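Structure file upload-v4.cif (mmCIF, C-alpha atoms and all ligand atoms) is printed below.
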data_structure
#
loop_
_atom_site.label_atom_id
_atom_site.label_comp_id
_atom_site.auth_asym_id
_atom_site.auth_seq_id
_atom_site.Cartn_x
_atom_site.Cartn_y
_atom_site.Cartn_z
CA MET K 25 110.71 -7.48 30.50
CA LYS K 26 108.64 -10.11 32.32
CA ILE K 27 110.15 -11.88 35.32
CA LEU K 28 108.75 -14.83 37.24
CA ALA K 29 109.65 -14.36 40.91
CA ILE K 30 109.65 -16.89 43.75
CA GLU K 31 109.74 -16.15 47.51
CA SER K 32 109.99 -18.75 50.28
CA SER K 33 112.30 -17.22 52.90
CA CYS K 34 110.04 -17.67 55.94
CA ASP K 35 106.41 -18.74 56.25
CA ASP K 36 104.84 -17.47 53.02
CA THR K 37 105.07 -19.37 49.74
CA ALA K 38 104.78 -16.80 46.97
CA ALA K 39 105.12 -16.46 43.21
CA ALA K 40 104.55 -13.44 40.99
CA VAL K 41 105.07 -12.17 37.48
CA VAL K 42 106.34 -8.59 37.31
CA GLU K 43 106.94 -6.44 34.23
CA ASP K 44 109.88 -4.03 34.07
CA GLY K 45 110.30 -4.08 37.83
CA ARG K 46 107.25 -1.93 38.43
CA LYS K 47 104.07 -3.60 37.24
CA ILE K 48 102.45 -6.66 38.83
CA LEU K 49 100.95 -9.04 36.26
CA SER K 50 100.11 -11.56 38.98
CA SER K 51 101.01 -12.11 42.63
CA ILE K 52 100.03 -15.15 44.69
CA VAL K 53 100.86 -15.56 48.38
CA ALA K 54 100.05 -18.77 50.29
CA SER K 55 100.36 -18.05 54.00
CA GLN K 56 101.32 -20.78 56.47
CA ILE K 57 99.90 -18.94 59.50
CA THR K 58 97.43 -21.71 60.36
CA ASP K 59 100.19 -24.35 60.16
CA HIS K 60 102.33 -22.57 62.77
CA GLN K 61 99.72 -20.85 64.94
CA MET K 62 99.34 -23.65 67.51
CA TYR K 63 103.13 -23.43 68.20
CA GLY K 64 103.07 -19.65 68.72
CA GLY K 65 105.75 -19.06 66.07
CA VAL K 66 107.28 -20.40 62.86
CA VAL K 67 108.51 -24.02 63.07
CA PRO K 68 111.30 -24.22 60.44
CA GLU K 69 110.80 -27.91 59.63
CA ILE K 70 107.07 -27.40 59.05
CA ALA K 71 107.76 -24.26 56.99
CA SER K 72 110.08 -26.16 54.59
CA ARG K 73 107.58 -28.97 54.14
CA CYS K 74 104.73 -26.54 53.46
CA HIS K 75 106.83 -24.69 50.87
CA ALA K 76 107.70 -27.97 49.13
CA GLN K 77 104.03 -28.95 49.01
CA THR K 78 102.71 -25.59 47.85
CA ILE K 79 105.31 -23.98 45.62
CA GLY K 80 104.33 -25.80 42.41
CA ALA K 81 100.65 -24.87 42.65
CA VAL K 82 101.41 -21.28 43.70
CA THR K 83 103.74 -20.80 40.70
CA GLU K 84 101.24 -22.34 38.29
CA ALA K 85 98.56 -20.04 39.66
CA ALA K 86 100.79 -16.98 39.16
CA MET K 87 101.52 -17.99 35.55
CA ARG K 88 97.85 -18.69 34.86
CA LYS K 89 96.76 -15.38 36.36
CA ALA K 90 99.32 -13.51 34.25
CA ALA K 91 98.06 -15.51 31.24
CA LEU K 92 101.62 -16.30 30.19
CA ASP K 93 103.69 -19.28 29.05
CA TYR K 94 107.23 -19.87 30.27
CA ASP K 95 108.36 -18.81 26.75
CA ASP K 96 107.01 -15.32 27.44
CA LEU K 97 109.35 -14.84 30.41
CA GLU K 98 112.81 -13.29 30.29
CA ALA K 99 114.17 -14.35 33.70
CA VAL K 100 113.42 -16.19 36.93
CA ALA K 101 114.18 -14.34 40.18
CA VAL K 102 114.32 -16.00 43.58
CA THR K 103 114.99 -15.00 47.18
CA PHE K 104 118.24 -16.74 48.17
CA ALA K 105 119.13 -14.94 51.45
CA PRO K 106 118.66 -14.23 54.31
CA GLY K 107 116.00 -16.40 55.94
CA LEU K 108 115.26 -19.90 57.19
CA ILE K 109 117.70 -22.09 55.31
CA GLY K 110 115.33 -25.00 54.71
CA SER K 111 112.66 -22.62 53.45
CA LEU K 112 115.06 -20.74 51.16
CA LEU K 113 116.39 -23.98 49.68
CA VAL K 114 112.91 -24.99 48.48
CA GLY K 115 112.47 -21.75 46.52
CA VAL K 116 116.05 -21.67 45.21
CA ASN K 117 115.92 -25.22 43.89
CA PHE K 118 112.48 -24.77 42.41
CA ALA K 119 113.60 -21.60 40.61
CA LYS K 120 116.72 -23.39 39.34
CA GLY K 121 114.51 -26.13 37.90
CA ILE K 122 112.38 -23.62 36.00
CA ALA K 123 115.41 -21.64 34.81
CA TYR K 124 117.10 -24.82 33.57
CA ALA K 125 114.03 -26.33 31.93
CA SER K 126 113.04 -23.06 30.22
CA SER K 127 116.60 -21.84 29.45
CA LEU K 128 116.01 -18.63 31.38
CA PRO K 129 118.57 -16.56 33.29
CA LEU K 130 118.39 -17.03 37.07
CA VAL K 131 118.53 -13.95 39.31
CA ALA K 132 119.34 -14.24 43.03
CA VAL K 133 117.59 -11.63 45.19
CA HIS K 134 118.39 -10.50 48.75
CA HIS K 135 115.24 -10.52 50.89
CA LEU K 136 115.73 -7.07 52.41
CA ARG K 137 116.59 -5.52 49.04
CA SER K 138 113.29 -6.90 47.77
CA HIS K 139 111.33 -5.43 50.70
CA ILE K 140 112.71 -2.01 49.72
CA ALA K 141 111.82 -2.70 46.06
CA ALA K 142 108.16 -3.22 46.99
CA ASN K 143 108.07 0.57 46.99
CA TYR K 144 109.04 0.73 43.29
CA ILE K 145 105.74 -1.00 42.55
CA THR K 146 103.64 1.22 44.82
CA HIS K 147 105.43 4.42 43.73
CA PRO K 148 106.34 4.28 40.03
CA GLU K 149 108.08 7.67 40.36
CA LEU K 150 110.46 6.53 43.13
CA THR K 151 114.17 6.41 42.25
CA PRO K 152 117.31 6.13 44.44
CA PRO K 153 119.11 7.63 46.24
CA PHE K 154 117.07 7.57 49.44
CA VAL K 155 117.16 6.41 53.06
CA ALA K 156 115.23 3.21 53.80
CA LEU K 157 113.94 2.06 57.17
CA VAL K 158 113.71 -1.72 56.83
CA VAL K 159 111.68 -3.25 59.64
CA SER K 160 110.64 -6.89 59.53
CA GLY K 161 110.31 -9.86 61.84
CA GLY K 162 114.02 -10.61 61.72
CA HIS K 163 115.69 -7.31 60.77
CA SER K 164 115.73 -3.62 61.66
CA HIS K 165 118.06 -1.57 59.50
CA ILE K 166 118.47 2.00 58.39
CA VAL K 167 119.96 1.78 54.92
CA LEU K 168 121.28 4.34 52.47
CA VAL K 169 120.11 3.12 49.05
CA LYS K 170 122.66 4.71 46.73
CA ASP K 171 121.28 3.12 43.59
CA TYR K 172 119.12 0.07 42.83
CA THR K 173 121.86 -2.39 43.74
CA THR K 174 124.24 -0.41 45.99
CA PHE K 175 123.45 -0.23 49.70
CA GLU K 176 125.12 1.06 52.85
CA VAL K 177 123.85 0.11 56.30
CA LEU K 178 123.79 3.21 58.51
CA GLY K 179 122.19 1.67 61.60
CA ARG K 180 120.96 -1.70 62.76
CA THR K 181 119.50 -3.41 65.80
CA ARG K 182 121.97 -4.72 68.34
CA ASP K 183 119.52 -7.35 69.59
CA ASP K 184 115.87 -7.99 68.66
CA ALA K 185 114.27 -6.78 65.45
CA ALA K 186 111.35 -4.34 65.76
CA GLY K 187 108.90 -6.99 64.53
CA GLU K 188 110.25 -9.47 67.06
CA ALA K 189 109.83 -6.91 69.86
CA LEU K 190 106.21 -6.34 68.83
CA ASP K 191 105.52 -10.07 68.37
CA LYS K 192 106.95 -10.99 71.78
CA ALA K 193 104.97 -8.28 73.58
CA ALA K 194 101.83 -9.40 71.74
CA ARG K 195 102.46 -12.99 72.79
CA ALA K 196 102.92 -11.93 76.42
CA MET K 197 99.52 -10.22 76.17
CA GLY K 198 97.99 -13.48 74.97
CA LEU K 199 97.53 -12.45 71.34
CA PRO K 200 97.89 -15.07 68.58
CA TYR K 201 100.90 -15.41 66.26
CA PRO K 202 101.90 -13.39 64.29
CA GLY K 203 101.44 -10.82 67.02
CA GLY K 204 102.41 -7.52 65.37
CA ALA K 205 99.21 -7.11 63.35
CA HIS K 206 97.01 -8.27 66.27
CA LEU K 207 98.71 -5.82 68.64
CA ASP K 208 98.22 -3.03 66.12
CA ALA K 209 94.48 -3.81 65.83
CA MET K 210 93.96 -4.25 69.59
CA ALA K 211 95.72 -1.00 70.52
CA LYS K 212 93.66 1.22 68.18
CA GLY K 213 92.26 4.14 70.17
CA GLY K 214 94.42 3.35 73.24
CA ASP K 215 96.30 6.06 75.16
CA PRO K 216 99.99 6.03 74.14
CA ARG K 217 100.92 7.97 77.32
CA ALA K 218 99.20 5.61 79.78
CA PHE K 219 102.39 3.58 80.42
CA SER K 220 105.95 4.83 80.22
CA PHE K 221 108.77 2.71 78.85
CA PRO K 222 112.53 3.18 79.06
CA HIS K 223 114.13 4.90 76.11
CA PRO K 224 116.91 2.52 75.11
CA HIS K 225 120.34 4.02 74.62
CA VAL K 226 122.89 2.25 72.45
CA ASP K 227 126.55 2.92 73.15
CA GLY K 228 128.82 3.75 70.24
CA SER K 229 126.30 4.51 67.49
CA ALA K 230 123.61 7.16 67.29
CA LEU K 231 121.81 5.16 64.59
CA ASP K 232 121.72 1.64 66.09
CA PHE K 233 118.64 0.28 67.86
CA SER K 234 118.07 -1.92 70.89
CA PHE K 235 114.66 -3.39 71.60
CA SER K 236 115.38 -6.12 74.12
CA GLY K 237 115.09 -3.74 77.13
CA LEU K 238 111.67 -2.54 75.96
CA LYS K 239 110.49 -6.10 75.46
CA THR K 240 111.71 -7.15 78.92
CA SER K 241 110.05 -4.19 80.56
CA VAL K 242 106.61 -4.99 79.09
CA VAL K 243 106.96 -8.67 80.06
CA ASN K 244 107.96 -7.66 83.64
CA LEU K 245 105.06 -5.25 83.85
CA LEU K 246 102.63 -8.02 82.86
CA HIS K 247 104.17 -10.47 85.38
CA ARG K 248 104.01 -7.95 88.23
CA ALA K 249 100.36 -7.18 87.45
CA ALA K 250 99.53 -10.91 87.32
CA GLN K 251 101.24 -11.49 90.70
CA LYS K 252 99.29 -8.68 92.31
CA GLY K 253 96.06 -9.77 90.65
CA GLU K 254 95.76 -6.41 88.89
CA THR K 255 94.12 -6.06 85.51
CA LEU K 256 95.85 -3.81 83.02
CA ASP K 257 94.20 -1.97 80.19
CA TYR K 258 95.75 -3.89 77.28
CA ARG K 259 94.55 -1.36 74.74
CA ASP K 260 96.47 1.43 76.52
CA LEU K 261 99.44 -0.86 77.16
CA GLY K 262 99.60 -1.87 73.49
CA ALA K 263 99.31 1.76 72.38
CA SER K 264 102.08 2.88 74.78
CA TYR K 265 104.38 0.04 73.76
CA GLN K 266 103.91 0.68 70.05
CA TRP K 267 104.60 4.36 70.72
CA ALA K 268 107.88 3.48 72.44
CA VAL K 269 108.99 1.10 69.66
CA THR K 270 108.10 3.55 66.89
CA ASP K 271 109.83 6.37 68.83
CA CYS K 272 113.16 4.54 68.53
CA LEU K 273 112.62 3.80 64.85
CA ILE K 274 111.58 7.34 63.98
CA GLN K 275 114.24 9.20 65.99
CA ASN K 276 117.14 7.24 64.51
CA THR K 277 115.73 7.43 61.00
CA LEU K 278 115.38 11.21 61.17
CA ARG K 279 118.93 11.45 62.50
CA ALA K 280 120.16 9.31 59.58
CA MET K 281 118.38 11.58 57.11
CA GLU K 282 120.04 14.64 58.59
CA LEU K 283 123.47 13.03 58.59
CA THR K 284 123.18 11.92 54.96
CA ASN K 285 121.32 15.03 53.81
CA GLN K 286 118.59 12.93 52.23
CA LYS K 287 115.04 14.16 51.73
CA LYS K 288 113.41 10.90 50.58
CA LEU K 289 112.42 8.23 53.09
CA VAL K 290 111.27 4.73 52.14
CA VAL K 291 109.81 2.31 54.70
CA ALA K 292 109.88 -1.44 54.06
CA GLY K 293 109.25 -4.84 55.67
CA GLY K 294 106.33 -6.38 57.56
CA VAL K 295 106.33 -3.70 60.29
CA SER K 296 105.77 -1.00 57.65
CA ALA K 297 102.11 -2.13 57.83
CA ASN K 298 101.94 -0.82 61.42
CA SER K 299 99.33 1.94 61.61
CA VAL K 300 101.12 3.88 64.37
CA LEU K 301 104.41 3.94 62.46
CA ARG K 302 102.64 4.97 59.24
CA GLU K 303 100.59 7.74 60.84
CA ARG K 304 103.44 9.17 62.89
CA LEU K 305 105.81 9.20 59.92
CA GLN K 306 103.19 10.84 57.71
CA THR K 307 102.78 13.69 60.19
CA ILE K 308 106.49 14.15 60.90
CA CYS K 309 107.57 13.94 57.25
CA ARG K 310 104.94 16.46 56.21
CA SER K 311 106.21 18.99 58.77
CA ARG K 312 109.87 18.38 57.86
CA LYS K 313 109.29 18.43 54.09
CA ILE K 314 110.52 14.85 53.75
CA GLU K 315 109.07 12.82 50.85
CA LEU K 316 107.70 9.67 52.48
CA TYR K 317 107.18 6.41 50.57
CA LEU K 318 105.22 3.61 52.23
CA PRO K 319 104.46 0.31 50.50
CA GLN K 320 100.80 -0.50 49.82
CA LEU K 321 99.55 -2.79 52.60
CA SER K 322 99.44 -5.86 50.33
CA LEU K 323 103.20 -5.50 49.69
CA CYS K 324 104.39 -4.86 53.29
CA GLY K 325 104.67 -8.52 54.28
CA ASP K 326 106.52 -11.22 52.36
CA ASN K 327 105.45 -11.56 48.72
CA ALA K 328 107.07 -12.42 45.39
CA ALA K 329 106.11 -9.24 43.52
CA MET K 330 108.82 -7.36 45.42
CA VAL K 331 111.31 -10.08 44.41
CA GLY K 332 110.35 -9.51 40.77
CA ALA K 333 110.87 -5.76 41.24
CA GLN K 334 114.36 -6.07 42.74
CA GLY K 335 115.15 -8.98 40.38
CA TYR K 336 114.64 -6.65 37.42
CA TYR K 337 117.23 -4.19 38.73
CA GLU K 338 119.68 -6.99 39.65
CA TYR K 339 119.30 -8.37 36.12
CA ARG K 340 119.92 -4.94 34.60
CA ALA K 341 123.05 -4.59 36.76
CA GLY K 342 124.30 -7.90 35.33
CA ASN K 343 123.84 -9.84 38.55
CA ILE K 344 122.97 -13.19 37.01
CA ALA K 345 123.34 -16.39 39.03
CA ASN K 346 123.99 -19.90 37.75
CA LEU K 347 122.91 -23.38 38.78
CA LEU K 348 125.56 -23.44 41.53
CA LEU K 349 123.51 -20.84 43.43
CA ASN K 350 123.11 -21.76 47.09
CA ALA K 351 120.79 -20.36 49.76
CA ARG K 352 122.29 -18.34 52.64
CA ALA K 353 120.68 -18.07 56.08
CA SER K 354 122.40 -14.74 56.67
CA LEU K 355 123.92 -12.21 54.31
CA ALA K 356 124.48 -8.47 54.66
CA ILE K 357 122.35 -6.31 52.37
CA GLU K 358 125.51 -4.78 50.86
CA ASP K 359 126.77 -8.20 49.69
CA ARG K 360 125.80 -9.83 46.44
CA GLY K 361 126.48 -13.29 47.85
O1 LIG K 401 108.71 -8.85 56.41
P1 LIG K 401 107.90 -9.83 57.16
O2 LIG K 401 106.56 -10.23 56.60
O3 LIG K 401 108.72 -11.13 57.40
C1 LIG K 401 110.09 -11.09 57.68
O4 LIG K 401 110.86 -10.94 56.71
O5 LIG K 401 110.41 -11.15 58.88
O6 LIG K 401 107.70 -9.22 58.61
C2 LIG K 401 106.97 -9.90 59.59
C3 LIG K 401 106.86 -9.01 60.80
C4 LIG K 401 106.29 -9.76 61.99
O7 LIG K 401 107.05 -9.44 63.13
C5 LIG K 401 104.88 -9.19 62.08
O8 LIG K 401 104.34 -9.24 63.39
C6 LIG K 401 105.11 -7.78 61.64
O9 LIG K 401 105.98 -7.91 60.53
N1 LIG K 401 103.87 -7.09 61.28
C7 LIG K 401 103.39 -6.02 61.96
C8 LIG K 401 102.18 -5.67 61.36
N2 LIG K 401 101.94 -6.53 60.33
C9 LIG K 401 103.00 -7.40 60.30
N3 LIG K 401 103.91 -5.35 63.00
C10 LIG K 401 103.20 -4.32 63.46
N4 LIG K 401 102.02 -3.91 62.96
C11 LIG K 401 101.47 -4.54 61.91
N5 LIG K 401 100.31 -4.12 61.41
ZN ZN K 402 110.28 -10.23 55.00
#

Could you express the structure from this file as structure tokens?
Ligand code: KG4
Ligand code: ZN
Amino acid sequence: MKILAIESSCDDTAAAVVEDGRKILSSIVASQITDHQMYGGVVPEIASRCHAQTIGAVTEAAMRKAALDYDDLEAVAVTFAPGLIGSLLVGVNFAKGIAYASSLPLVAVHHLRSHIAANYITHPELTPPFVALVVSGGHSHIVLVKDYTTFEVLGRTRDDAAGEALDKAARAMGLPYPGGAHLDAMAKGGDPRAFSFPHPHVDGSALDFSFSGLKTSVVNLLHRAAQKGETLDYRDLGASYQWAVTDCLIQNTLRAMELTNQKKLVVAGGVSANSVLRERLQTICRSRKIELYLPQLSLCGDNAAMVGAQGYYEYRAGNIANLLLNARASLAIEDRG
């Protein structure tokens, strides 16, 4: 079954054709990084306009690359929540147009569900149930994936997302947007014990995260050094900070696996590209006999192939939308919308 998938939830305009939820026939991603870089972050108004300008060409390119006509498709899947509302609306309305014009079923896909589904493409043998650590620019969740369309959130951030915490620290160190990947590259080979950071404690839940204290402490450290005219070793600082952030993610995830008695761990979202997180999890999971699934690097960030993967399972579960479908800026991963 071939699905055309559209993604426009933040600052990437993407289209893909995916077969049976697991095989990429084409995947095109048009990044808006250069459009937002001078502002140091995503400007929602600019993001919507860029999506509107680009989405037609990106979709045509995906269809051309897959060498298919619209008649060859069996459904159109689109990210409808959560994300920037103006950005989501562009993709949702575009997908509705194609579904209507080609008489195809429309499938609404939750963005975080699709990040998890990226792993079905990278690992054809992967099946639920498993625990997923979902870490992106806007979300940090530990999720029990009971089956392809049934989710239970076990832990979540109480404040900033992990990606946000990395991006803000990167920005304070003068690195360009989006900071996470730049921080990762800059900190390679740095000493993760050179600087110590507080270990955030969250009252009431052993599985929830808090990153705002960590972020504040790195910003304060940089301010104090600037006031005293001291120069800090940014490579060591970046390495230590990434160690502290990944410590929180890893500790809570392992705790969640013990509590749920799961032996499969899936990592998803933009931060799953982080080399420190990947390496540390590989070592820990090997020693604990946990099966670890990481998405291939090309599927860590936002893309439409993952939407096609999750769209396939939503379609099979009978989750078909109609032309009344609306975009939602926020929606829990458990909800169908
Ligand atoms: O999933 P994603 O592409 O977009 C959202 O849905 O938010 O995630 C973007 C986040 C950003 O915070 C970005 O800095 C972070 O993923 N990111 C990284 C790396 N690559 C992207 N963070 C750490 N290390 C990386 N290599
Ligand atoms: Zn994302």

Check: Hey, which residues come within 6 Å of ligand ZN 402 (chain K) if we count all atoms listed in the file? Could you give them as a ChimeraX atom specification?
Finding: /K:160,293,325-326

Notebook entry, point to check: If you count all atoms listed in the file, which residues end up within 6 Å of ligand LIG 401 (chain K), as a list in words?
Noted result: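 Going residue by residue within 6 Å of ligand LIG 401 (chain K), we get Ser160, Gly161, Gly162, Gly187, Glu188, Asp191, Pro202, Gly203, Gly204, Ala205, Asp208, Gly293, Gly294, Val295, Ala297, Asn298, Gly325 and Asp326 of chain K.
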
Resulting file, chosen residues, C-alpha atoms, as a short mmCIF file (atom, residue, chain, number, x, y, z; two decimals), keeping the file's coordinate frame:
data_model
loop_
_atom_site.label_atom_id
_atom_site.label_comp_id
_atom_site.auth_asym_id
_atom_site.auth_seq_id
_atom_site.Cartn_x
_atom_site.Cartn_y
_atom_site.Cartn_z
CA SER K 160 110.64 -6.89 59.53
CA GLY K 161 110.31 -9.86 61.84
CA GLY K 162 114.02 -10.61 61.72
CA GLY K 187 108.90 -6.99 64.53
CA GLU K 188 110.25 -9.47 67.06
CA ASP K 191 105.52 -10.07 68.37
CA PRO K 202 101.90 -13.39 64.29
CA GLY K 203 101.44 -10.82 67.02
CA GLY K 204 102.41 -7.52 65.37
CA ALA K 205 99.21 -7.11 63.35
CA ASP K 208 98.22 -3.03 66.12
CA GLY K 293 109.25 -4.84 55.67
CA GLY K 294 106.33 -6.38 57.56
CA VAL K 295 106.33 -3.70 60.29
CA ALA K 297 102.11 -2.13 57.83
CA ASN K 298 101.94 -0.82 61.42
CA GLY K 325 104.67 -8.52 54.28
CA ASP K 326 106.52 -11.22 52.36
#

Exercise on region 124-140 of chain K, axis-aligned box with 3 Å per side, report centre and edge lengths in Å to one decimal, as AutoDock Vina command-line options:
--center_x 115.3 --center_y -14.2 --center_z 40.9 --size_x 14.0 --size_y 30.3 --size_z 29.0

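Compared by their closest atoms to Ala333 (chain K), and using only C-alpha atoms, the residues K:Ile145, K:Leu130, K:Ala91, K:Ala39 rank with K:Ile145 nearest.
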
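With only C-alpha atoms as the atoms that count, the residue of K:Asp183, K:Glu358, K:Glu282, K:Asp257 with the shortest distance to Val155 (chain K) is K:Glu282.
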
Next item on the list: Choose the residue, out of K:Phe154, K:Tyr172, K:Phe118, K:Phe221, that has the smallest atom-to-atom separation from Lys239 (chain K); count all atoms listed in the file.
Entry: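 Checking each candidate against Lys239 (chain K), we get K:Phe221 as the closest.
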
Note to self: Measuring between only C-alpha atoms, which one of K:Gly179, K:Pro200, K:Gly262, K:Pro152 shows the shortest distance to Ser234 (chain K)?
What the structure shows: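 Comparing K:Gly179, K:Pro200, K:Gly262, K:Pro152 against Ser234 (chain K), the winner is K:Gly179.
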
Notebook entry, point to check: Which is closest to Asp93 (chain K) among K:Ala189, K:Leu246, K:Val41, K:Val67, if we use all atoms listed in the file?
Noted result: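 Closest to Asp93 (chain K), using all atoms listed in the file: K:Val41.
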
Item checked: Given all atoms listed in the file as the counted atoms, nearest of K:Asp232, K:Glu338, K:Asp59, K:Asp215 to Ser264 (chain K) ->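 The shortest atom-to-atom distance to Ser264 (chain K) comes from K:Asp215.
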